[in-house]
Amino acid sequence: MRYYYKKPLFFFLFIIIIFWSIFPFLWILLTSVKPPSQIMRLPPIFPDVFSFEAYKNVIFVSNFPKYLFNSFMVSLSTVLITIPFSLLAAYSISRFSFRGRATVIFLIIILFTLPSISLVAALYKLFYHLGWINLPISLIFTYSAHNFPLAFFLLVKYLDKVPTDLDSAALIDGCTHFQTFQHVIVPITLPGIISAAILIFIFCWNEFLFALTFTLDESSRMASVGIALFQGTFEIPWGDIAAASIIVTLPLLIFLLFFQKYIVQGLTAGALKG
Amino acid sequence: MKIQFQNITKRYHLIIAVNNLNLSIHDGEFLVVLGPSGSGKSTTLNMLAGLEIPTSGYLFFNEQIVNTIPPGKRDIALVFQNYALYPHMKSYDNIAFPLKVRKEKDIHQRVMKTAETLGLGTFLEKYPKELSGGQRQRVALARALVRNPSVFLMDEPLSNLDPPLRHSAREELKRLQGQSNITTVYVTHDQIEALTLGDRIAILNKGNLQQVGTPTEIYEYPQNTFVAGFIGTPPMNMMQVQKHTSNSFRVEEHVIEYSTHLPDKESFVLGIRPEKLTLVPATTPFTIPGTIKYVEYLGHESISHVKISPAITWYVKDVLRGKPLDSQVGLKFSPHDIHWFDPVTQDRISSQSSSY
């Protein structure tokens with residue numbers, strides 16, 4: 001804390017930026033607990049009573065829990081597919097030199113730069129012919145490919161920081177290359193793996209474009225799309241939308257708090273000495 | 001285990017890291033591979049360990065060619081410069097790891113026995129990051145020793161330690177090797193380590209083997225100017241001289257009388273160790289004239305920097321009391337202490353007077 005006293009300008013800007021970023025979220029949070037009559041009032045007022053009607057609606061009446069479940073399963077499946085693939089790819093790029101190594105990296109960079117919107121039409125056509133439209137597998141497939149480059153680059157960066165002497169030591173201690181990977185590399189890379197997994201999970205959870213395009217009805221709808229398509233009987237149910245937005249954010253917040261240490265370690269990748 | 005390098009060459013694309021190395025290491029020997037950075041000494045060690053495969057030539061362990069045998073199957077252990085301890089395992093698990101991977105028996109007893117030899121008792125439950133440099137180094141040694149390997153390889157294992165610790169660790173290494181009598185190859189750039197630890201020393205430069213011999217041989221009969229200049233602090237004084245008559249030679253414009261016969265060449269490189277020179281008044285016969293430029297005071301000794309010509313300054317482990325800087329002195333030497341080298345090949349010339 002002493003740091004802040006010494007740098008008032010830094011502290012001031014820090015507060016402004018944090019407030020700037022968090023304000024919309026606070027606004028939504030307030031909206032979600034306002035009684036319906038106060039939501040649209042101008043100028044806005046601080047609610048005099050907190051109403052949890054909107055939360056009850058979203059959780060017990062609407063289909064939203066099902067959307068959350070869909071989102072969770074799709075995101076988790078994507079993570080479980082992407083991480084092993086990208087970890088093995090990153091290990092080989094980080095540790096071995098082989099013909100075509102530079103080409104592989106270049107192709108992955110291209111994959112990284114492709115905008116989602118340019119893929120939507122082609123993928124829709126493809127999934128339509130495969131009969132995958134409206135099935136979660138279309139999203140899992142798309143997300144796994146789409147998030148692979150990010151996980152790959154994060155893990156390569158992390159693995160490059162792991163001294164190759166550790167690989168050599170394991171080989172001399174009698175490990176095969178795969179045992180080295182299993183007993184030495186993976187445990188040491190765990191913070192990087194966890195942070196990559198969480199980032200991918202968050203991206204899948206928040207993804208909207210593919211989710212909207214490939215899922216047509218409620219059976220496979222994702223939470224992000226569910227919020228956008230929330231329908232009331234006579235009017236737009238702002239309170240319910242706000243409550244759903246809060247609910248959809250909660251798992252991510254819990255993740256971040258729980259794995260904070262790993263995420264910071266994984267993204268800074270400097271925690272390996274000696 | 002007896003080790004033999006036969007015409008071993010290691011090339012990386014266009015760079016030759018080790019050039020046609022022929023070297024035999026006896027069973028139970030402590031061999032130090034010494035060289036400056038980039039000399040190919042680490043490549044040599046990695047080929048022994050199986051981490052690199054020689055481009056050509058044969059590497060023998062006893063009578064078996066091991067060129068492409070993977071590291072885990074060679075029955076060797078390697079201590080790394082940065083110790084390479086597994087950061088996610090406690091010391092105990094680090095030491096036990098090679099045994100566990102090989103599914104060996106009596107793991108616990110063997111770990112405890114090795115830990116006891118190295119005085120590791122209380123550190124076993126700690127992670128590497130909780131240990132000091134010296135403690136990590138001992139855990140790394142324990143991990144290497146616990147398997148009782150046939151060959152023990154060390155890659156500058158002491159260079160990350162503080163100087164006082166390095167001294168005691170050196171003694172400990174020597175003691176351990178003496179007890180276990182395991183063939184040991186030790187790579188270093190530190191000549192003091194090489195001279196104190198090695199049964200024999202192999203000196204490498206730019207991928208070429210310069211000389212192999214006992215510390216005494218290396219110090220007293222360097223086979224070329226590289227070895228002569230690399231071993232010893234300060235290094236051997238050398239300069240190129242011309243033969244004048246068979247009993248005198250010329251250094252620039254000075255003619256210096258020499259009390260015995262010179263080698264049978266027109267010009268040669270003369271080398272003499274700083275401790276073999278004494279400073280005498282300028283007019284003394286059979287001396288090399290020079291000017292005192294600077295005196296380094298080191299406590300137990302002093303090193304005078306003596307300028308012989310504009311381009312040549314020699315180090316002399318001697319002082320002449322009462323002589324101010326810039327005064328003329330003579331450098332007195334005994335012909336027995338002179339090393340002659342060929343100015344073209346840089347190799348040693350065995351002079352007639354030399355007993356070697």
# chains A, B, ... in the order shown; residues from 1 in each chain; ligands from 1
>>> residues_around(residues="Gln242 (chain B)", least_positions_apart="4", cutoff="8 Å", atoms="only C-alpha atoms", output="list in words")
Phe249, Arg250, Val251, Glu266, Ser267 and Phe268 of chain B
>>> residues_around(residues="Leu85 (chain B)", least_positions_apart="2", cutoff="10 Å", atoms="only C-alpha atoms", output="PyMOL selection string")
(chain A and resi 165-166+169-170+274) or (chain B and resi 79-80+82-83+87-91+94-95+127-129+136-137+139-140+143)
>>> write_last_selection(atoms="C-alpha atoms", output="PDB file, in the first residue's frame")
ATOM      1  CA  ASP A 165      18.496 -28.640 -18.494  1.00  0.00           C
ATOM      2  CA  LEU A 166      15.461 -30.054 -16.678  1.00  0.00           C
ATOM      3  CA  ALA A 169      18.255 -34.151 -16.303  1.00  0.00           C
ATOM      4  CA  ALA A 170      15.092 -36.222 -16.676  1.00  0.00           C
ATOM      5  CA  GLY A 274      16.354 -22.704  -9.624  1.00  0.00           C
TER       6      GLY A 274
ATOM      7  CA  VAL B  79      25.528 -32.680 -12.317  1.00  0.00           C
ATOM      8  CA  PHE B  80      24.455 -29.492 -14.057  1.00  0.00           C
ATOM      9  CA  ASN B  82      22.491 -24.701 -12.471  1.00  0.00           C
ATOM     10  CA  TYR B  83      21.776 -28.037 -10.714  1.00  0.00           C
ATOM     11  CA  PRO B  87      11.282 -27.378  -8.805  1.00  0.00           C
ATOM     12  CA  HIS B  88       7.993 -29.164  -8.147  1.00  0.00           C
ATOM     13  CA  MET B  89       9.572 -31.926  -6.069  1.00  0.00           C
ATOM     14  CA  LYS B  90      11.001 -31.867  -2.564  1.00  0.00           C
ATOM     15  CA  SER B  91      14.689 -32.693  -2.170  1.00  0.00           C
ATOM     16  CA  ASN B  94      14.446 -35.159  -6.463  1.00  0.00           C
ATOM     17  CA  ILE B  95      16.977 -37.657  -5.146  1.00  0.00           C
ATOM     18  CA  TYR B 127      11.691 -27.638  -2.092  1.00  0.00           C
ATOM     19  CA  PRO B 128      14.712 -26.518  -4.142  1.00  0.00           C
ATOM     20  CA  LYS B 129      13.671 -22.875  -4.012  1.00  0.00           C
ATOM     21  CA  ARG B 136      21.015 -27.255  -3.896  1.00  0.00           C
ATOM     22  CA  GLN B 137      24.389 -28.269  -5.181  1.00  0.00           C
ATOM     23  CA  VAL B 139      21.031 -32.254  -3.506  1.00  0.00           C
ATOM     24  CA  ALA B 140      22.095 -32.325  -7.166  1.00  0.00           C
ATOM     25  CA  ARG B 143      20.642 -37.227  -7.123  1.00  0.00           C
TER      26      ARG B 143
END
>>> residues_around(residues="Ile193 (chain A)", least_positions_apart="2", cutoff="8 Å", atoms="only C-alpha atoms", output="PyMOL selection string")
chain A and resi 83+87+155+189-191+195-197+266
>>> interface_residues(of="chain A", to="chain B", cutoff="9 Å", atoms="only C-alpha atoms", output="JSON, numbers by chain")
{"A": [163, 164, 165, 166, 167, 168, 169, 170, 171, 172, 173, 174, 175, 176, 179, 184, 187, 188, 272, 273, 274]}
>>> write_last_selection(atoms="C-alpha atoms", output="PDB file, in the first residue's frame")
ATOM      1  CA  PRO A 163      15.159 -24.548 -18.603  1.00  0.00           C
ATOM      2  CA  THR A 164      15.993 -27.340 -21.065  1.00  0.00           C
ATOM      3  CA  ASP A 165      18.496 -28.640 -18.494  1.00  0.00           C
ATOM      4  CA  LEU A 166      15.461 -30.054 -16.678  1.00  0.00           C
ATOM      5  CA  ASP A 167      14.599 -32.110 -19.775  1.00  0.00           C
ATOM      6  CA  SER A 168      18.198 -33.277 -19.993  1.00  0.00           C
ATOM      7  CA  ALA A 169      18.255 -34.151 -16.303  1.00  0.00           C
ATOM      8  CA  ALA A 170      15.092 -36.222 -16.676  1.00  0.00           C
ATOM      9  CA  LEU A 171      16.485 -38.031 -19.726  1.00  0.00           C
ATOM     10  CA  ILE A 172      19.669 -38.853 -17.836  1.00  0.00           C
ATOM     11  CA  ASP A 173      17.641 -39.989 -14.826  1.00  0.00           C
ATOM     12  CA  GLY A 174      16.155 -42.586 -17.152  1.00  0.00           C
ATOM     13  CA  CYS A 175      12.956 -41.038 -18.503  1.00  0.00           C
ATOM     14  CA  THR A 176      11.777 -41.441 -22.061  1.00  0.00           C
ATOM     15  CA  GLN A 179       7.943 -39.639 -19.302  1.00  0.00           C
ATOM     16  CA  VAL A 184       8.645 -33.045 -15.254  1.00  0.00           C
ATOM     17  CA  PRO A 187       3.806 -30.420 -13.454  1.00  0.00           C
ATOM     18  CA  ILE A 188       6.133 -27.457 -13.914  1.00  0.00           C
ATOM     19  CA  LEU A 272      10.712 -20.390 -12.454  1.00  0.00           C
ATOM     20  CA  LYS A 273      14.075 -19.954 -10.866  1.00  0.00           C
ATOM     21  CA  GLY A 274      16.354 -22.704  -9.624  1.00  0.00           C
TER      22      GLY A 274
END
>>> atom_distance(atom1="CA of Gly121 (chain B)", atom2="CA of Ile107 (chain B)")
15.9 Å
>>> residues_around(residues="Val280 (chain B)", least_positions_apart="5", cutoff="7 Å", atoms="only C-alpha atoms", output="tab-separated table (two decimals) with N, CA and C atoms, in the first residue's frame")
chain	number	residue	atom	x	y	z
B	329	VAL	N	65.27	-1.82	-15.12
B	329	VAL	CA	65.66	-3.02	-14.36
B	329	VAL	C	66.08	-4.09	-15.35
B	330	GLY	N	66.64	-5.15	-14.81
B	330	GLY	CA	66.95	-6.31	-15.65
B	330	GLY	C	66.10	-7.47	-15.16
B	331	LEU	N	65.69	-8.34	-16.09
B	331	LEU	CA	64.93	-9.53	-15.71
B	331	LEU	C	65.86	-10.72	-15.78
B	332	LYS	N	66.11	-11.30	-14.64
B	332	LYS	CA	67.06	-12.40	-14.58
B	332	LYS	C	66.28	-13.72	-14.69
>>> select_by_dssp(residues="region 161-253 of chain B", states="strand (DSSP E)", output="mmCIF file with N, CA and C atoms, in the first residue's frame")
data_model
loop_
_atom_site.group_PDB
_atom_site.id
_atom_site.type_symbol
_atom_site.label_atom_id
_atom_site.label_comp_id
_atom_site.auth_asym_id
_atom_site.auth_seq_id
_atom_site.Cartn_x
_atom_site.Cartn_y
_atom_site.Cartn_z
ATOM 1 N N THR B 183 34.629 -43.373 -12.463
ATOM 2 C CA THR B 183 35.208 -42.580 -13.549
ATOM 3 C C THR B 183 34.464 -41.255 -13.638
ATOM 4 N N THR B 184 35.203 -40.151 -13.565
ATOM 5 C CA THR B 184 34.552 -38.843 -13.516
ATOM 6 C C THR B 184 35.097 -37.932 -14.602
ATOM 7 N N VAL B 185 34.197 -37.285 -15.315
ATOM 8 C CA VAL B 185 34.610 -36.269 -16.288
ATOM 9 C C VAL B 185 34.014 -34.954 -15.839
ATOM 10 N N TYR B 186 34.880 -33.989 -15.647
ATOM 11 C CA TYR B 186 34.499 -32.728 -15.019
ATOM 12 C C TYR B 186 34.859 -31.605 -15.980
ATOM 13 N N VAL B 187 33.859 -30.831 -16.379
ATOM 14 C CA VAL B 187 34.086 -29.744 -17.326
ATOM 15 C C VAL B 187 34.156 -28.425 -16.586
ATOM 16 N N THR B 188 35.145 -27.613 -16.895
ATOM 17 C CA THR B 188 35.245 -26.321 -16.236
ATOM 18 C C THR B 188 36.047 -25.350 -17.087
ATOM 19 N N ARG B 200 44.050 -36.091 -14.398
ATOM 20 C CA ARG B 200 44.621 -35.552 -15.632
ATOM 21 C C ARG B 200 43.719 -34.427 -16.118
ATOM 22 N N ILE B 201 44.286 -33.562 -16.949
ATOM 23 C CA ILE B 201 43.534 -32.452 -17.513
ATOM 24 C C ILE B 201 43.604 -32.556 -19.030
ATOM 25 N N ALA B 202 42.454 -32.365 -19.684
ATOM 26 C CA ALA B 202 42.441 -32.273 -21.142
ATOM 27 C C ALA B 202 42.062 -30.842 -21.491
ATOM 28 N N ILE B 203 42.922 -30.177 -22.252
ATOM 29 C CA ILE B 203 42.653 -28.777 -22.574
ATOM 30 C C ILE B 203 42.151 -28.663 -24.004
ATOM 31 N N LEU B 204 40.992 -28.018 -24.149
ATOM 32 C CA LEU B 204 40.374 -27.837 -25.459
ATOM 33 C C LEU B 204 40.398 -26.367 -25.828
ATOM 34 N N ASN B 205 40.563 -26.094 -27.114
ATOM 35 C CA ASN B 205 40.373 -24.732 -27.604
ATOM 36 C C ASN B 205 39.794 -24.801 -29.008
ATOM 37 N N ASN B 208 39.435 -28.118 -30.658
ATOM 38 C CA ASN B 208 40.602 -28.990 -30.833
ATOM 39 C C ASN B 208 41.252 -29.303 -29.496
ATOM 40 N N LEU B 209 41.636 -30.569 -29.326
ATOM 41 C CA LEU B 209 42.338 -30.974 -28.119
ATOM 42 C C LEU B 209 43.755 -30.421 -28.180
ATOM 43 N N GLN B 210 44.161 -29.664 -27.144
ATOM 44 C CA GLN B 210 45.486 -29.049 -27.155
ATOM 45 C C GLN B 210 46.511 -29.924 -26.443
ATOM 46 N N GLN B 211 46.120 -30.462 -25.308
ATOM 47 C CA GLN B 211 47.064 -31.260 -24.529
ATOM 48 C C GLN B 211 46.314 -32.057 -23.477
ATOM 49 N N VAL B 212 46.780 -33.261 -23.222
ATOM 50 C CA VAL B 212 46.246 -34.054 -22.115
ATOM 51 C C VAL B 212 47.408 -34.406 -21.218
ATOM 52 N N GLY B 213 47.256 -34.244 -19.930
ATOM 53 C CA GLY B 213 48.344 -34.611 -19.045
ATOM 54 C C GLY B 213 47.992 -34.352 -17.607
ATOM 55 N N ASN B 237 54.696 -15.439 -19.564
ATOM 56 C CA ASN B 237 55.165 -14.351 -20.423
ATOM 57 C C ASN B 237 55.722 -14.935 -21.702
ATOM 58 N N MET B 238 55.314 -14.377 -22.833
ATOM 59 C CA MET B 238 55.841 -14.889 -24.099
ATOM 60 C C MET B 238 56.163 -13.740 -25.016
ATOM 61 N N MET B 239 57.163 -13.933 -25.853
ATOM 62 C CA MET B 239 57.422 -12.959 -26.924
ATOM 63 C C MET B 239 58.246 -13.631 -28.003
ATOM 64 N N GLN B 240 58.128 -13.067 -29.187
ATOM 65 C CA GLN B 240 58.873 -13.641 -30.293
ATOM 66 C C GLN B 240 60.269 -13.023 -30.320
ATOM 67 N N VAL B 241 61.294 -13.870 -30.467
ATOM 68 C CA VAL B 241 62.672 -13.370 -30.490
ATOM 69 C C VAL B 241 63.397 -13.937 -31.711
ATOM 70 N N GLN B 242 64.494 -13.238 -32.124
ATOM 71 C CA GLN B 242 65.309 -13.686 -33.250
ATOM 72 C C GLN B 242 66.640 -14.222 -32.739
ATOM 73 N N LYS B 243 67.087 -15.246 -33.408
ATOM 74 C CA LYS B 243 68.400 -15.770 -33.042
ATOM 75 C C LYS B 243 69.471 -14.789 -33.531
ATOM 76 N N HIS B 244 70.469 -14.519 -32.676
ATOM 77 C CA HIS B 244 71.545 -13.615 -33.077
ATOM 78 C C HIS B 244 72.780 -14.447 -33.371
ATOM 79 N N THR B 245 73.336 -15.054 -32.337
ATOM 80 C CA THR B 245 74.353 -16.087 -32.540
ATOM 81 C C THR B 245 73.805 -17.314 -31.827
ATOM 82 N N SER B 248 73.090 -16.128 -28.254
ATOM 83 C CA SER B 248 72.397 -14.879 -27.937
ATOM 84 C C SER B 248 71.214 -14.702 -28.869
ATOM 85 N N PHE B 249 70.229 -13.950 -28.385
ATOM 86 C CA PHE B 249 69.072 -13.684 -29.240
ATOM 87 C C PHE B 249 68.714 -12.210 -29.164
ATOM 88 N N ARG B 250 67.905 -11.767 -30.101
ATOM 89 C CA ARG B 250 67.560 -10.364 -30.179
ATOM 90 C C ARG B 250 66.089 -10.149 -29.844
ATOM 91 N N VAL B 251 65.833 -9.156 -28.985
ATOM 92 C CA VAL B 251 64.475 -8.690 -28.747
ATOM 93 C C VAL B 251 64.445 -7.263 -29.245
#
>>> select_by_dssp(residues="region 61-123 of chain A", states="alpha helix (DSSP H)", output="PyMOL selection string")
chain A and resi 64-95+101-113+117-123
>>> write_last_selection(atoms="C-alpha atoms", output="short mmCIF file (atom, residue, chain, number, x, y, z; two decimals), in the first residue's frame")
data_model
loop_
_atom_site.label_atom_id
_atom_site.label_comp_id
_atom_site.auth_asym_id
_atom_site.auth_seq_id
_atom_site.Cartn_x
_atom_site.Cartn_y
_atom_site.Cartn_z
CA PHE A 64 -31.80 -19.59 -18.49
CA PRO A 65 -30.40 -22.36 -16.21
CA LYS A 66 -30.47 -24.67 -19.21
CA TYR A 67 -28.53 -22.12 -21.27
CA LEU A 68 -25.99 -21.85 -18.47
CA PHE A 69 -25.64 -25.60 -18.45
CA ASN A 70 -25.14 -25.60 -22.25
CA SER A 71 -22.52 -22.88 -22.01
CA PHE A 72 -20.75 -24.73 -19.23
CA MET A 73 -20.64 -28.03 -21.08
CA VAL A 74 -19.51 -26.49 -24.36
CA SER A 75 -16.82 -24.38 -22.69
CA LEU A 76 -15.55 -27.28 -20.62
CA SER A 77 -15.45 -29.62 -23.62
CA THR A 78 -13.54 -27.02 -25.60
CA VAL A 79 -10.98 -26.66 -22.82
CA LEU A 80 -10.58 -30.43 -22.52
CA ILE A 81 -9.95 -30.73 -26.25
CA THR A 82 -7.82 -27.64 -26.80
CA ILE A 83 -5.42 -27.93 -23.87
CA PRO A 84 -3.97 -31.40 -24.65
CA PHE A 85 -3.57 -30.56 -28.32
CA SER A 86 -2.00 -27.17 -27.77
CA LEU A 87 0.23 -28.46 -24.96
CA LEU A 88 1.68 -31.23 -27.11
CA ALA A 89 2.09 -28.83 -30.04
CA ALA A 90 3.72 -26.22 -27.82
CA TYR A 91 6.06 -28.82 -26.29
CA SER A 92 7.29 -29.97 -29.67
CA ILE A 93 7.74 -26.42 -30.95
CA SER A 94 9.51 -25.35 -27.78
CA ARG A 95 11.81 -28.38 -27.47
CA ARG A 101 8.81 -25.91 -37.73
CA ALA A 102 8.76 -22.30 -38.93
CA THR A 103 5.92 -23.10 -41.35
CA VAL A 104 3.85 -24.61 -38.56
CA ILE A 105 4.28 -21.51 -36.41
CA PHE A 106 3.40 -19.28 -39.37
CA LEU A 107 0.22 -21.23 -40.12
CA ILE A 108 -0.85 -20.99 -36.50
CA ILE A 109 -0.30 -17.22 -36.59
CA ILE A 110 -2.53 -17.03 -39.67
CA LEU A 111 -5.18 -19.03 -37.82
CA PHE A 112 -4.85 -16.57 -34.96
CA THR A 113 -5.49 -13.55 -37.17
CA ILE A 117 -16.98 -13.14 -39.11
CA SER A 118 -15.09 -14.33 -42.20
CA LEU A 119 -15.64 -17.94 -41.16
CA VAL A 120 -19.27 -17.89 -40.16
CA ALA A 121 -20.86 -18.45 -43.58
CA ALA A 122 -18.51 -21.23 -44.60
CA LEU A 123 -18.80 -23.01 -41.27
#
>>> atom_distance(atom1="CA of Gln64 (chain B)", atom2="CA of Gln4 (chain B)")
9.8 Å
